[in-house]
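Asker: Input run.cif, format and content: mmCIF, C-alpha atoms and all ligand atoms.
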data_entry
loop_
_atom_site.label_atom_id
_atom_site.label_comp_id
_atom_site.auth_asym_id
_atom_site.auth_seq_id
_atom_site.Cartn_x
_atom_site.Cartn_y
_atom_site.Cartn_z
CA MET A 1 0.00 0.00 0.00
CA THR A 2 1.42 3.41 -0.94
CA LEU A 3 2.19 5.61 2.02
CA PRO A 4 0.32 8.90 1.58
CA LEU A 5 1.85 12.18 2.71
CA LEU A 6 0.66 13.48 6.06
CA SER A 7 -2.47 15.61 5.73
CA PRO A 8 -2.40 18.90 7.67
CA ASP A 9 -5.75 17.80 9.15
CA ALA A 10 -4.33 14.63 10.71
CA ALA A 11 -3.33 14.07 14.33
CA LEU A 12 0.27 12.87 14.40
CA PHE A 13 1.58 10.55 17.14
CA LEU A 14 5.27 9.71 17.19
CA ASP A 15 7.31 7.21 19.13
CA PHE A 16 10.85 8.33 20.09
CA ASP A 17 13.59 5.65 20.37
CA GLY A 18 14.17 3.83 17.10
CA CYS A 19 11.62 6.06 15.38
CA LEU A 20 12.61 9.71 15.71
CA VAL A 21 16.15 8.87 16.83
CA ASP A 22 18.44 5.96 16.06
CA ILE A 23 18.93 3.31 18.73
CA ALA A 24 22.04 4.19 20.77
CA PRO A 25 24.26 2.11 23.07
CA ARG A 26 22.64 3.64 26.16
CA PRO A 27 19.36 5.49 26.75
CA ASP A 28 21.22 8.72 27.55
CA ALA A 29 23.34 8.48 24.39
CA VAL A 30 20.62 9.13 21.81
CA VAL A 31 21.37 11.99 19.44
CA VAL A 32 18.74 14.68 18.91
CA THR A 33 19.88 16.79 15.98
CA PRO A 34 18.91 20.43 15.39
CA ALA A 35 17.17 19.18 12.23
CA LEU A 36 14.93 16.91 14.32
CA ARG A 37 14.08 19.72 16.71
CA ASP A 38 13.23 22.03 13.79
CA ARG A 39 11.20 19.28 12.10
CA LEU A 40 9.07 18.71 15.21
CA SER A 41 8.46 22.44 15.64
CA ALA A 42 7.50 22.82 11.98
CA LEU A 43 5.16 19.82 12.18
CA HIS A 44 3.58 21.18 15.35
CA ARG A 45 2.84 24.49 13.59
CA ARG A 46 1.63 22.85 10.39
CA GLN A 47 -0.69 20.37 12.17
CA GLY A 48 -2.23 23.12 14.30
CA GLY A 49 -0.65 21.67 17.43
CA ALA A 50 -1.90 18.12 16.81
CA VAL A 51 1.49 16.43 17.20
CA ALA A 52 2.22 14.31 20.28
CA LEU A 53 5.06 12.08 21.35
CA ILE A 54 4.09 8.76 22.91
CA SER A 55 7.07 7.01 24.46
CA GLY A 56 8.14 4.28 26.81
CA ARG A 57 10.48 6.81 28.38
CA ASP A 58 9.22 8.79 31.30
CA VAL A 59 8.08 12.30 30.42
CA ALA A 60 10.82 14.15 32.31
CA ASP A 61 13.49 12.15 30.50
CA LEU A 62 11.91 12.72 27.09
CA ARG A 63 11.27 16.43 27.65
CA GLY A 64 14.94 16.65 28.70
CA HIS A 65 15.98 15.41 25.27
CA LEU A 66 13.52 17.73 23.47
CA PRO A 67 13.31 20.81 25.70
CA ASP A 68 11.84 23.06 23.00
CA PHE A 69 9.13 20.63 21.80
CA PRO A 70 5.89 22.56 22.41
CA GLY A 71 3.47 19.66 22.03
CA PHE A 72 1.91 17.04 24.27
CA VAL A 73 4.02 14.15 25.54
CA ALA A 74 2.69 10.84 26.88
CA GLY A 75 5.38 8.86 28.68
CA SER A 76 6.03 5.66 30.60
CA HIS A 77 4.13 3.62 28.00
CA GLY A 78 1.02 5.77 28.41
CA SER A 79 1.02 6.15 32.21
CA GLU A 80 2.00 9.82 32.23
CA LEU A 81 0.87 12.88 30.28
CA SER A 82 2.43 16.29 29.88
CA LEU A 83 0.34 18.92 28.12
CA GLU A 84 3.09 21.51 28.45
CA PRO A 85 6.74 21.53 29.44
CA GLY A 86 7.13 21.43 33.22
CA ARG A 87 3.74 19.85 33.94
CA ILE A 88 3.20 16.10 34.26
CA THR A 89 0.00 14.34 35.26
CA THR A 90 -0.56 10.66 35.94
CA LEU A 91 -2.97 9.06 33.48
CA HIS A 92 -3.00 5.72 35.24
CA GLN A 93 -2.01 5.41 38.90
CA VAL A 94 -0.81 2.04 40.09
CA ASP A 95 -0.13 1.11 43.66
CA PHE A 96 3.49 0.12 44.03
CA ASP A 97 6.59 1.25 45.88
CA ALA A 98 8.80 2.65 43.10
CA PRO A 99 11.91 3.24 45.25
CA ALA A 100 11.69 -0.34 46.56
CA LEU A 101 11.33 -1.68 43.01
CA HIS A 102 14.32 0.36 41.84
CA ARG A 103 16.38 -0.80 44.82
CA ALA A 104 15.50 -4.44 44.17
CA ALA A 105 16.44 -4.10 40.48
CA ARG A 106 19.75 -2.43 41.39
CA ASP A 107 20.52 -5.14 43.96
CA ARG A 108 19.79 -7.96 41.52
CA ALA A 109 21.81 -6.31 38.72
CA ALA A 110 24.76 -5.37 40.95
CA PRO A 111 26.84 -8.53 40.26
CA HIS A 112 26.76 -7.64 36.53
CA PRO A 113 28.08 -4.11 35.92
CA ALA A 114 27.32 -4.42 32.20
CA LEU A 115 23.61 -4.31 33.00
CA LEU A 116 21.95 -0.92 33.14
CA VAL A 117 19.02 -0.20 35.45
CA GLU A 118 16.76 2.60 34.21
CA GLU A 119 14.64 3.88 37.09
CA LYS A 120 11.30 5.31 36.04
CA PRO A 121 8.53 6.83 38.15
CA HIS A 122 6.11 4.19 36.82
CA GLY A 123 8.42 1.19 36.59
CA VAL A 124 11.91 0.05 35.77
CA ALA A 125 13.89 -1.14 32.75
CA LEU A 126 16.80 -3.55 32.87
CA HIS A 127 19.03 -3.09 29.80
CA TYR A 128 21.41 -5.81 28.60
CA ARG A 129 22.64 -4.21 25.33
CA ASP A 130 26.26 -4.54 26.56
CA ALA A 131 25.76 -8.12 27.79
CA SER A 132 23.46 -10.10 25.52
CA GLN A 133 24.61 -13.32 27.21
CA LEU A 134 22.72 -12.11 30.30
CA ARG A 135 19.33 -12.07 28.60
CA ASP A 136 18.06 -15.15 30.45
CA PHE A 137 19.33 -13.75 33.75
CA VAL A 138 17.50 -10.47 33.04
CA GLU A 139 14.33 -12.37 32.23
CA THR A 140 14.53 -14.29 35.53
CA VAL A 141 15.13 -11.11 37.53
CA MET A 142 12.28 -9.25 35.88
CA GLN A 143 9.87 -12.16 36.26
CA ASP A 144 10.75 -12.32 39.97
CA LEU A 145 10.13 -8.60 40.32
CA ALA A 146 6.89 -8.88 38.36
CA ALA A 147 5.69 -11.60 40.73
CA GLN A 148 6.28 -9.20 43.65
CA HIS A 149 4.46 -6.31 41.91
CA PRO A 150 1.07 -7.55 40.70
CA HIS A 151 0.04 -4.19 39.21
CA LEU A 152 3.03 -4.15 36.88
CA VAL A 153 3.47 -6.14 33.67
CA LEU A 154 6.53 -7.24 31.72
CA GLN A 155 7.20 -5.22 28.58
CA PRO A 156 9.82 -6.53 26.14
CA ALA A 157 12.00 -3.79 24.65
CA LYS A 158 15.06 -3.66 22.41
CA MET A 159 17.85 -5.38 24.40
CA ALA A 160 15.92 -4.66 27.58
CA LEU A 161 13.01 -5.87 29.66
CA GLU A 162 10.76 -3.42 31.42
CA LEU A 163 8.14 -3.48 34.15
CA ARG A 164 5.36 -1.01 33.50
CA PRO A 165 1.83 -0.50 34.80
CA GLY A 166 -0.80 -2.91 33.51
CA GLY A 167 -4.12 -1.68 32.21
CA VAL A 168 -2.60 1.15 30.21
CA GLY A 169 -0.68 1.51 26.98
CA LYS A 170 0.22 3.74 24.10
CA ASP A 171 -3.22 2.99 22.61
CA SER A 172 -5.07 4.28 25.67
CA ALA A 173 -2.82 7.36 25.75
CA MET A 174 -3.65 8.03 22.11
CA ALA A 175 -7.38 7.48 22.74
CA HIS A 176 -7.23 10.00 25.59
CA LEU A 177 -5.38 12.57 23.49
CA LEU A 178 -7.97 12.15 20.73
CA THR A 179 -10.61 13.45 23.15
CA LEU A 180 -8.68 16.71 23.62
CA PRO A 181 -8.33 19.73 21.36
CA PRO A 182 -6.59 20.06 18.92
CA PHE A 183 -6.57 16.27 18.40
CA ALA A 184 -10.31 15.60 18.69
CA GLY A 185 -12.01 14.88 15.37
CA ARG A 186 -8.76 14.34 13.49
CA MET A 187 -7.58 11.19 11.74
CA PRO A 188 -4.81 9.55 13.82
CA VAL A 189 -1.45 8.67 12.29
CA PHE A 190 1.07 6.77 14.41
CA ALA A 191 4.70 5.85 13.72
CA GLY A 192 6.69 3.47 15.91
CA ASP A 193 9.27 0.72 15.85
CA ASP A 194 8.71 -1.65 18.75
CA THR A 195 6.26 -4.13 20.28
CA THR A 196 5.04 -1.49 22.73
CA ASP A 197 3.86 0.52 19.71
CA GLU A 198 1.70 -2.21 18.18
CA PRO A 199 -1.51 -1.51 20.15
CA ALA A 200 -1.29 2.19 19.19
CA MET A 201 -0.77 1.26 15.54
CA ALA A 202 -3.83 -0.98 15.59
CA HIS A 203 -5.80 1.74 17.37
CA ALA A 204 -4.90 4.39 14.78
CA GLN A 205 -6.00 2.07 11.97
CA SER A 206 -9.23 1.09 13.78
CA ARG A 207 -10.14 4.77 13.86
CA GLY A 208 -9.70 5.29 10.13
CA GLY A 209 -6.12 6.48 10.30
CA PHE A 210 -2.90 4.74 9.44
CA ALA A 211 0.25 3.46 11.08
CA ILE A 212 3.87 3.22 9.98
CA LYS A 213 6.23 0.56 11.30
CA ILE A 214 9.84 1.73 11.42
CA GLY A 215 12.29 -1.09 10.72
CA ASP A 216 11.96 -4.85 10.52
CA GLY A 217 9.71 -7.23 12.37
CA PRO A 218 6.08 -8.31 12.44
CA THR A 219 3.53 -5.53 12.69
CA ALA A 220 -0.13 -4.63 12.40
CA ALA A 221 0.84 -1.46 10.56
CA HIS A 222 -0.15 -1.17 6.92
CA HIS A 223 2.95 0.88 6.08
CA ARG A 224 6.65 0.46 6.76
CA LEU A 225 9.74 2.67 6.55
CA SER A 226 13.25 1.33 6.98
CA ASP A 227 14.64 3.57 9.72
CA PRO A 228 14.38 6.98 11.44
CA ALA A 229 16.07 8.65 8.45
CA ALA A 230 13.32 7.36 6.15
CA LEU A 231 10.67 8.62 8.56
CA ALA A 232 12.40 12.03 8.65
CA ALA A 233 12.37 12.13 4.84
CA TRP A 234 8.63 11.31 4.77
CA LEU A 235 7.87 13.98 7.36
CA ASP A 236 9.96 16.54 5.44
CA ALA A 237 8.19 15.63 2.20
CA SER A 238 4.87 16.18 3.97
CA LEU A 239 6.04 19.58 5.15
CA THR A 240 6.93 20.85 1.67
O1 LIG A 301 8.69 4.03 23.23
P1 LIG A 301 10.05 4.50 22.87
O2 LIG A 301 10.17 5.98 22.80
O3 LIG A 301 10.59 3.83 21.63
O4 LIG A 301 10.98 4.02 24.07
C1 LIG A 301 11.24 2.61 24.26
C2 LIG A 301 12.39 2.46 25.23
O5 LIG A 301 13.48 3.17 24.63
C3 LIG A 301 14.67 3.30 25.38
O6 LIG A 301 15.41 2.10 25.32
C4 LIG A 301 15.75 1.73 23.99
O7 LIG A 301 16.54 2.78 23.37
C5 LIG A 301 17.85 3.00 23.97
C6 LIG A 301 18.49 4.18 23.25
O8 LIG A 301 18.54 3.97 21.88
C7 LIG A 301 18.68 1.74 23.83
O9 LIG A 301 19.98 1.93 24.41
C8 LIG A 301 17.94 0.57 24.54
O10 LIG A 301 18.66 -0.63 24.32
C9 LIG A 301 16.52 0.43 23.97
O11 LIG A 301 15.79 -0.55 24.70
C10 LIG A 301 14.42 3.75 26.80
O12 LIG A 301 15.59 3.63 27.56
C11 LIG A 301 13.27 3.02 27.47
O13 LIG A 301 12.95 3.66 28.70
C12 LIG A 301 12.04 3.10 26.57
O14 LIG A 301 10.95 2.40 27.17
#
Translate this file's structure into structure tokens.

Answerer:
Amino acid sequence: MTLPLLSPDAALFLDFDGCLVDIAPRPDAVVVTPALRDRLSALHRRQGGAVALISGRDVADLRGHLPDFPGFVAGSHGSELSLEPGRITTLHQVDFDAPALHRAARDRAAPHPALLVEEKPHGVALHYRDASQLRDFVETVMQDLAAQHPHLVLQPAKMALELRPGGVGKDSAMAHLLTLPPFAGRMPVFAGDDTTDEPAMAHAQSRGGFAIKIGDGPTAAHHRLSDPAALAAWLDASLT
């Protein structure tokens, strides 16, 4: 199916890692270029403000990488929402002791310095990009932690496993945003690269919009682009 250009009347939802930016060795090593910042600002103007980022990262982290992005940001796999820089609300509150979870993850990872613990307000990620031989160990640790935290669910990520709140997702974050101006009444378009993006892709298509899978792998999306550079080219073509 031919990928159409983005209509100015559409509501645009964008994933971050592996979609807007290339995957990097560590979460804090992603490169946000001036061109990406300008592109997001131009899209935000052109779409009348209907551009949102929906990420597995927590909002504070993501806003830190894109401090001049004026649009809405949903973070922590749809658990958090920020309608403007500096303000974060919880979309889905789960009852768990985040500091205790982070401490337990740090303690379990401590014997393996190559593992990276990413502490999030709504969960935790255990990254094994520098130690792929530890994947089974990471799975055991995260399953143990999941068993101790019944309101959290396991979320596979790229060279990482995460625990995030159950009962929420990028699809529910998108559905919520589509009730708010300037998104309400617009056709949703979602681009993402990972399993956590699949429900949002299906949701966009179920509402008459379309979805773009970035990279390889099975997907519900009807369109595919090879990498973040190809997505950038499509966005730039839509802007001209
Ligand atoms: O929903 P996203 O915006 O795509 O975020 C998904 C996760 O991305 C980050 O981890 C991934 O990207 C890192 C930087 O490229 C990479 O080093 C790591 O191996 C990947 O798993 C982020 O750290 C997570 O919090 C996000 O949930």

Asker: Which residues sit within 7 Å of ligand LIG 301 (chain A), counting only C-alpha atoms and all ligand atoms, listed as a PyMOL selection string?

Answerer: chain A and resi 15-19+22-30+54-58+76-77+118+125+127+129+157-160+192-194+196-197

Asker: Quick one: pull the distance between CA of Val153 (chain A) and CA of Leu81 (chain A), Å, one decimal.

Answerer: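 Separation of CA of Val153 (chain A) and CA of Leu81 (chain A): 19.5 Å.
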
Asker: Contacts of Leu163 (chain A) at 6 Å or less, counting only C-alpha atoms, minus same-chain residues fewer than 6 places along, as a PyMOL selection string?

Answerer: chain A and resi 123-124+152-155

Asker: My list of candidates is A:Leu12, A:Val51, A:Leu126, A:Ala35. Which is closest to Ala233 (chain A) when distances are computed with only C-alpha atoms?

Answerer: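 Closest to Ala233 (chain A) of all the choices is A:Ala35.
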
Asker: Find the residue from A:Pro67, A:Pro111, A:Gly217, A:Pro8 that sits nearest to Arg46 (chain A); use all atoms listed in the file when measuring.

Answerer: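 For Arg46 (chain A), the nearest of the candidates is A:Pro8.
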
Asker: List as a PyMOL selection string the protein and nucleic acid residues near region 92-109 of chain A, meaning an atom at most 12 Å away when all atoms listed in the file are counted, but skip any in the same chain fewer than 4 places from it.

Answerer: chain A and resi 74-81+113-128+131+134-135+137-153+161-170+172-173+176

Asker: Could you list, as an mmCIF file with C-alpha atoms, in the frame of the given file, every residue within 8 Å of Ala10 (chain A), counting all atoms listed in the file and ignoring same-chain residues fewer than 4 positions away?

Answerer:
data_model
loop_
_atom_site.group_PDB
_atom_site.id
_atom_site.type_symbol
_atom_site.label_atom_id
_atom_site.label_comp_id
_atom_site.auth_asym_id
_atom_site.auth_seq_id
_atom_site.Cartn_x
_atom_site.Cartn_y
_atom_site.Cartn_z
ATOM 1 C CA LEU A 6 0.660 13.480 6.060
ATOM 2 C CA GLN A 47 -0.690 20.370 12.170
ATOM 3 C CA ALA A 50 -1.900 18.120 16.810
ATOM 4 C CA ARG A 186 -8.760 14.340 13.490
ATOM 5 C CA MET A 187 -7.580 11.190 11.740
ATOM 6 C CA PRO A 188 -4.810 9.550 13.820
ATOM 7 C CA VAL A 189 -1.450 8.670 12.290
#

Asker: Work out how far apart CA of Pro218 (chain A) and CA of Asp136 (chain A) are and give it in Å to one decimal.

Answerer: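 Going from CA of Pro218 (chain A) over to CA of Asp136 (chain A), I get 22.7 Å.
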
Asker: Which of these, A:Thr2, A:Ala52, A:Leu20, A:Leu40, has the shortest distance to Leu177 (chain A) once you count only C-alpha atoms?

Answerer: A:Ala52

Asker: Just to confirm, what's the straight-line distance from CA of Ala237 (chain A) to CA of Leu5 (chain A) in Å (one decimal)?

Answerer: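 Going from CA of Ala237 (chain A) over to CA of Leu5 (chain A), I get 7.2 Å.
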
Asker: Restricting the calculation to all atoms listed in the file, which member of A:Asp216, A:Val59, A:Val31, A:Ala42 is positioned closest to Thr240 (chain A)?

Answerer: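 Selected residue with least distance to Thr240 (chain A): A:Ala42.
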
Asker: Using all atoms listed in the file, which residues sit within 6 Å of Leu53 (chain A) once same-chain residues fewer than 6 positions away are excluded, as a PyMOL selection string?

Answerer: chain A and resi 13-15+73

Asker: Could you name the residues that touch Leu36 (chain A) at 9 Å or less, counting all atoms listed in the file, but leaving out those on the same chain fewer than 5 positions away, as a PyMOL selection string?

Answerer: chain A and resi 20-21+41+232

Asker: Given all atoms listed in the file as the basis, pick out the residue of A:Leu91, A:Ala60, A:Ala230, A:Met174 nearest to Lys213 (chain A).

Answerer: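 Once distances to Lys213 (chain A) are computed over all atoms listed in the file, the minimum belongs to A:Ala230.
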